[in-house]
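Participant: Below is the file work.csv, with CSV, C-alpha atoms.
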```
chain,number,residue,atom,x,y,z
A,363,MET,CA,247.9,222.2,84.8
A,364,THR,CA,249.1,223.0,88.3
A,365,LEU,CA,249.5,220.0,90.6
A,366,SER,CA,246.9,219.7,93.3
A,367,PHE,CA,247.4,217.7,96.5
A,368,PRO,CA,246.3,215.2,97.6
A,369,TYR,CA,246.3,213.7,94.1
A,370,ALA,CA,242.9,212.4,93.0
A,371,LEU,CA,242.4,208.7,92.6
A,372,ASP,CA,242.4,208.9,88.8
A,373,PHE,CA,245.6,210.9,88.8
A,374,LEU,CA,248.0,208.4,90.2
A,375,ALA,CA,246.5,205.5,92.3
A,376,ASN,CA,244.8,203.8,89.3
A,377,CYS,CA,248.3,203.2,87.8
A,378,LEU,CA,249.9,201.8,91.0
A,379,VAL,CA,248.9,198.2,90.2
A,380,GLY,CA,250.8,195.0,90.9
A,381,ASP,CA,250.2,191.3,91.1
A,382,ARG,CA,249.5,191.3,94.8
A,383,ILE,CA,248.4,194.1,97.1
A,384,PRO,CA,249.0,193.1,100.8
A,385,LEU,CA,247.1,195.8,102.6
A,386,ASP,CA,247.4,195.6,106.3
A,387,LEU,CA,246.8,197.6,109.5
A,388,GLN,CA,250.1,198.6,111.0
A,389,ARG,CA,250.0,198.9,114.8
A,390,PHE,CA,252.3,200.9,117.0
A,391,ASP,CA,252.1,199.0,120.3
A,392,GLU,CA,254.6,198.8,123.0
A,393,MET,CA,254.8,195.6,125.0
A,394,SER,CA,256.3,194.7,128.4
A,395,GLY,CA,256.2,191.6,130.5
A,396,SER,CA,257.3,189.9,133.7
A,397,GLY,CA,259.0,186.7,134.5
A,398,ASP,CA,255.7,185.0,135.5
A,399,GLY,CA,254.4,185.2,132.0
A,400,ARG,CA,252.2,188.3,132.3
A,401,PHE,CA,252.3,190.8,129.4
A,402,TRP,CA,251.0,194.3,129.0
A,403,SER,CA,250.6,196.3,125.8
A,404,ALA,CA,249.9,200.0,125.1
A,405,ALA,CA,249.1,201.6,121.8
A,406,MET,CA,251.6,204.5,121.3
A,407,ALA,CA,249.8,205.8,118.2
A,408,GLN,CA,246.7,205.1,116.1
A,409,PRO,CA,247.1,202.2,113.7
A,410,LEU,CA,247.6,203.0,110.1
A,411,TRP,CA,247.0,201.2,106.8
A,412,THR,CA,250.0,200.3,104.8
A,413,ALA,CA,250.9,198.3,101.7
A,414,SER,CA,254.2,197.4,100.0
A,415,TYR,CA,254.3,195.8,96.6
A,416,SER,CA,255.9,195.5,93.2
A,417,LEU,CA,254.4,197.4,90.3
A,418,TYR,CA,253.5,196.0,86.8
A,419,ALA,CA,255.8,197.1,84.0
A,420,LYS,CA,254.6,200.1,81.9
A,421,GLN,CA,255.3,201.5,78.5
A,422,ALA,CA,258.4,203.8,78.6
A,423,ALA,CA,256.6,207.1,78.5
A,424,HIS,CA,254.0,206.0,81.1
A,425,SER,CA,256.7,204.8,83.4
A,426,ARG,CA,258.6,208.1,83.2
A,427,GLU,CA,255.3,209.9,83.9
A,428,LEU,CA,254.6,207.8,87.0
A,429,ASN,CA,258.2,208.3,88.3
A,430,ALA,CA,257.7,212.1,87.9
A,431,LYS,CA,254.4,212.1,89.7
A,432,VAL,CA,255.7,210.1,92.7
A,433,ARG,CA,258.8,212.3,92.9
A,434,ALA,CA,256.6,215.4,93.0
A,435,LEU,CA,255.1,214.1,96.2
A,436,ASP,CA,258.5,215.1,97.8
A,437,GLY,CA,258.9,211.8,99.7
A,438,ALA,CA,256.3,211.7,102.5
A,439,ALA,CA,255.6,215.4,102.5
A,440,ARG,CA,252.6,215.4,100.2
A,441,THR,CA,249.7,213.0,99.8
A,442,PHE,CA,247.5,211.2,97.3
A,443,TYR,CA,244.2,209.3,97.5
A,444,TRP,CA,244.7,205.5,97.2
A,445,ALA,CA,242.2,202.7,96.7
A,446,ASP,CA,242.9,198.9,96.5
A,447,PRO,CA,242.5,198.2,92.7
A,448,TYR,CA,241.4,194.7,93.4
A,449,TYR,CA,238.7,195.5,96.0
A,450,ASP,CA,235.4,195.2,94.1
A,451,GLY,CA,233.1,196.5,96.9
A,452,PRO,CA,230.9,194.7,99.5
A,453,ALA,CA,231.2,190.9,99.4
A,454,SER,CA,227.5,190.7,98.6
A,455,GLY,CA,228.3,192.1,95.2
A,456,VAL,CA,225.7,194.8,95.6
A,457,THR,CA,227.0,198.3,94.7
A,458,ALA,CA,223.8,200.0,93.6
A,459,GLY,CA,221.8,202.1,96.0
A,460,LEU,CA,224.7,202.8,98.3
A,461,ASN,CA,225.0,206.6,97.6
A,462,SER,CA,223.1,207.7,100.7
A,463,VAL,CA,224.4,205.5,103.5
A,464,THR,CA,225.0,207.3,106.7
A,465,VAL,CA,226.2,206.6,110.3
A,466,SER,CA,223.1,206.4,112.5
A,467,GLY,CA,224.8,205.5,115.7
A,468,ILE,CA,228.3,205.2,117.3
A,469,ARG,CA,229.1,203.0,120.2
A,470,THR,CA,230.6,204.7,123.3
A,471,ASP,CA,234.1,203.3,122.7
A,472,ARG,CA,233.8,204.2,119.0
A,473,GLY,CA,234.6,200.6,117.9
A,474,ALA,CA,231.2,200.0,116.3
A,475,ILE,CA,228.6,201.9,114.2
A,476,SER,CA,225.1,201.4,113.0
A,477,LEU,CA,224.0,202.4,109.5
A,478,SER,CA,221.0,203.8,107.7
A,479,GLY,CA,220.2,204.5,104.0
A,480,LEU,CA,221.1,201.0,102.8
A,481,PRO,CA,219.0,199.1,100.3
A,482,PRO,CA,216.5,196.9,102.2
A,483,GLY,CA,217.9,193.5,102.7
A,484,PHE,CA,221.5,194.6,102.0
A,485,VAL,CA,224.0,192.1,103.4
A,486,LEU,CA,227.0,193.6,105.1
A,487,SER,CA,229.9,191.2,105.5
A,488,ALA,CA,233.0,191.0,107.7
A,489,GLY,CA,235.8,192.4,105.6
A,490,ASP,CA,233.7,195.0,103.8
A,491,ARG,CA,235.5,198.3,103.8
A,492,LEU,CA,234.4,201.9,104.2
A,493,THR,CA,235.5,205.5,103.9
A,494,ILE,CA,234.3,208.5,105.8
A,495,GLN,CA,235.4,212.0,104.9
A,496,TYR,CA,235.2,214.4,107.8
A,497,GLY,CA,236.6,217.6,109.2
A,498,SER,CA,238.9,219.6,107.0
A,499,GLY,CA,240.2,217.1,104.5
A,500,ARG,CA,240.4,214.2,107.0
A,501,VAL,CA,239.7,210.7,105.7
A,502,TYR,CA,238.8,207.6,107.8
A,503,PHE,CA,239.3,204.2,106.2
A,504,GLY,CA,238.0,201.1,108.1
A,505,GLU,CA,236.9,197.5,107.8
A,506,PHE,CA,233.9,195.9,109.3
A,507,SER,CA,234.7,193.0,111.7
A,508,GLU,CA,231.2,191.5,111.6
A,509,GLY,CA,228.3,191.4,109.2
A,510,ALA,CA,224.5,192.1,109.4
A,511,THR,CA,221.5,192.4,107.1
A,512,ALA,CA,219.6,195.7,106.6
A,513,GLY,CA,216.0,195.7,107.6
A,514,THR,CA,213.0,196.7,105.5
A,515,LEU,CA,213.8,200.4,106.2
A,516,GLY,CA,217.4,200.0,105.1
A,517,ASN,CA,218.8,200.2,108.6
A,518,ILE,CA,221.4,198.2,110.5
A,519,ALA,CA,220.3,199.2,114.0
A,520,ASP,CA,222.6,197.0,116.1
A,521,ALA,CA,226.1,198.6,116.0
A,522,ARG,CA,228.6,196.5,114.0
A,523,GLU,CA,232.2,196.2,115.0
A,524,LEU,CA,234.8,197.8,112.9
A,525,ARG,CA,238.5,198.6,113.0
A,526,PRO,CA,240.3,200.9,113.5
A,527,TYR,CA,238.3,202.7,116.0
A,528,LEU,CA,236.5,205.8,114.8
A,529,PRO,CA,238.4,209.0,115.5
A,530,PHE,CA,236.8,211.9,117.3
A,531,GLY,CA,235.4,214.3,114.8
A,532,ILE,CA,233.2,211.7,113.1
A,533,SER,CA,229.6,212.1,114.3
A,534,VAL,CA,226.2,210.6,113.6
A,535,GLY,CA,224.9,211.6,110.2
A,536,VAL,CA,228.1,211.6,108.2
A,537,THR,CA,228.1,209.8,104.8
A,538,VAL,CA,229.7,206.4,104.5
A,539,ARG,CA,231.3,205.3,101.3
A,540,LEU,CA,231.1,201.6,100.6
A,541,VAL,CA,232.0,201.5,96.9
A,542,ARG,CA,235.6,202.1,96.0
A,543,PRO,CA,236.7,203.2,99.5
A,544,PHE,CA,240.0,205.0,99.7
A,545,PHE,CA,242.4,206.7,102.1
A,546,LYS,CA,244.9,209.5,102.0
A,547,ALA,CA,248.4,208.0,101.6
A,548,MET,CA,252.0,209.0,101.6
A,549,VAL,CA,254.9,207.3,99.9
A,550,THR,CA,257.5,206.0,102.4
A,551,GLU,CA,259.6,204.0,99.9
A,552,PHE,CA,259.8,204.0,96.1
A,553,THR,CA,261.9,202.1,93.6
A,554,PRO,CA,261.4,203.9,90.3
A,555,PHE,CA,260.7,202.3,87.0
A,556,ALA,CA,263.9,201.4,85.2
A,557,SER,CA,264.3,201.8,81.5
A,558,TYR,CA,264.1,198.4,79.8
A,559,ARG,CA,265.4,198.3,76.3
A,560,GLY,CA,263.9,201.8,75.6
A,561,ARG,CA,260.3,200.5,75.3
A,562,TRP,CA,259.4,199.6,78.8
A,563,GLY,CA,259.8,200.6,82.4
A,564,ASP,CA,260.0,197.8,85.0
A,565,SER,CA,261.3,196.7,88.4
A,566,ALA,CA,259.3,199.5,90.3
A,567,ALA,CA,258.1,199.0,93.8
A,568,ILE,CA,256.3,201.2,96.3
A,569,THR,CA,255.4,201.3,100.0
A,570,ILE,CA,252.5,203.5,101.1
A,571,LEU,CA,251.4,204.5,104.5
A,572,GLN,CA,248.1,206.1,105.5
A,573,LYS,CA,248.3,209.8,106.3
A,574,PRO,CA,246.0,210.4,109.3
```
I need this file expressed as structure tokens, please.

Facilitator:
Amino acid sequence: MTLSFPYALDFLANCLVGDRIPLDLQRFDEMSGSGDGRFWSAAMAQPLWTASYSLYAKQAAHSRELNAKVRALDGAARTFYWADPYYDGPASGVTAGLNSVTVSGIRTDRGAISLSGLPPGFVLSAGDRLTIQYGSGRVYFGEFSEGATAGTLGNIADARELRPYLPFGISVGVTVRLVRPFFKAMVTEFTPFASYRGRWGDSAAITILQKP
């Protein structure tokens, strides 16, 4: 079968599992200041999600397969879809009835959205994550900074803060994915699985960075 990029979640990301997944939002800010204690900062580029972690040992054949799949990404040239294997969905535990959630409003500064299509009474929590696919293969991955409860019509009418800010290209009516959210990633560093007594591969580690 011919390789297709970005790799699907089930093709690679499901196997990139370690003990701890320290997902964080990497900022690209430039700061300057003066002698009187004043400081200024400017964002030089949009923030990107990143994670760097060690991988669990695999059986020998599986470890060689994973090494080959990562190498086929040609460093950071090609991409794959990645999801946090330990993120179980919204903090409320509700995952049913979330297939038709859409953006119903976007605040002017694009730092908050309102939602429709939720189950009535659904509780959104700070830290809940979301994915929005838009444009030609573009993927937004974000995190709600505050919570709310959907009304009887399944709406959260008051815009809820989220980060990073929504890029232009996302408009009202787009579908919001709240279950198994993902983003498009590239590999910036990879320590391959080493052969361990012929039966196992171990000592692998990976650093991924969101591909905007």

Participant: Looking at only C-alpha atoms, which of A:Leu378, A:Leu365, A:Leu492, A:Leu571 is the one that sits closest to A:Pro543?

Facilitator: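 For A:Pro543, the nearest of the candidates is A:Leu492.
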
Participant: Under the rule that all atoms listed in the file are counted, which of A:Ala521, A:Ala510, A:Ile494, A:Val549 is the nearest residue to A:Pro482?

Facilitator: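 Answer, going by the shortest atom-to-atom distance: A:Ala510.
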
Participant: Rank nothing, just name the residue among A:Gly437, A:Gly473, A:Pro384, A:Gly497 nearest to A:Val536, using all atoms listed in the file.

Facilitator: A:Gly497

Participant: May I have the protein, DNA and RNA residues with any atom at most 8 Å from the point (229.7, 209.2, 102.5), counting all atoms listed in the file, written as a JSON list (two decimals) with C-alpha atoms, keeping the file's coordinate frame?

Facilitator:
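The file below, result16.json, is the result:
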```json
[["chain", "number", "residue", "atom", "x", "y", "z"],
["A", 461, "ASN", "CA", 225.00, 206.60, 97.60],
["A", 462, "SER", "CA", 223.10, 207.70, 100.70],
["A", 463, "VAL", "CA", 224.40, 205.50, 103.50],
["A", 464, "THR", "CA", 225.00, 207.30, 106.70],
["A", 493, "THR", "CA", 235.50, 205.50, 103.90],
["A", 494, "ILE", "CA", 234.30, 208.50, 105.80],
["A", 495, "GLN", "CA", 235.40, 212.00, 104.90],
["A", 536, "VAL", "CA", 228.10, 211.60, 108.20],
["A", 537, "THR", "CA", 228.10, 209.80, 104.80],
["A", 538, "VAL", "CA", 229.70, 206.40, 104.50],
["A", 539, "ARG", "CA", 231.30, 205.30, 101.30],
["A", 540, "LEU", "CA", 231.10, 201.60, 100.60]]
```

Participant: Between atom CA of A:Val379 and atom CA of A:Phe506, what is the spacing in Å?

Facilitator: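 Computing the Euclidean distance for atom CA of A:Phe506 and atom CA of A:Val379 yields 24.4 Å.
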
Participant: Between atom CA of A:Thr412 and atom CA of A:Gln572, what is the distance, to one decimal in Å?

Facilitator: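 Between atom CA of A:Thr412 and atom CA of A:Gln572 the gap works out to 6.1 Å.
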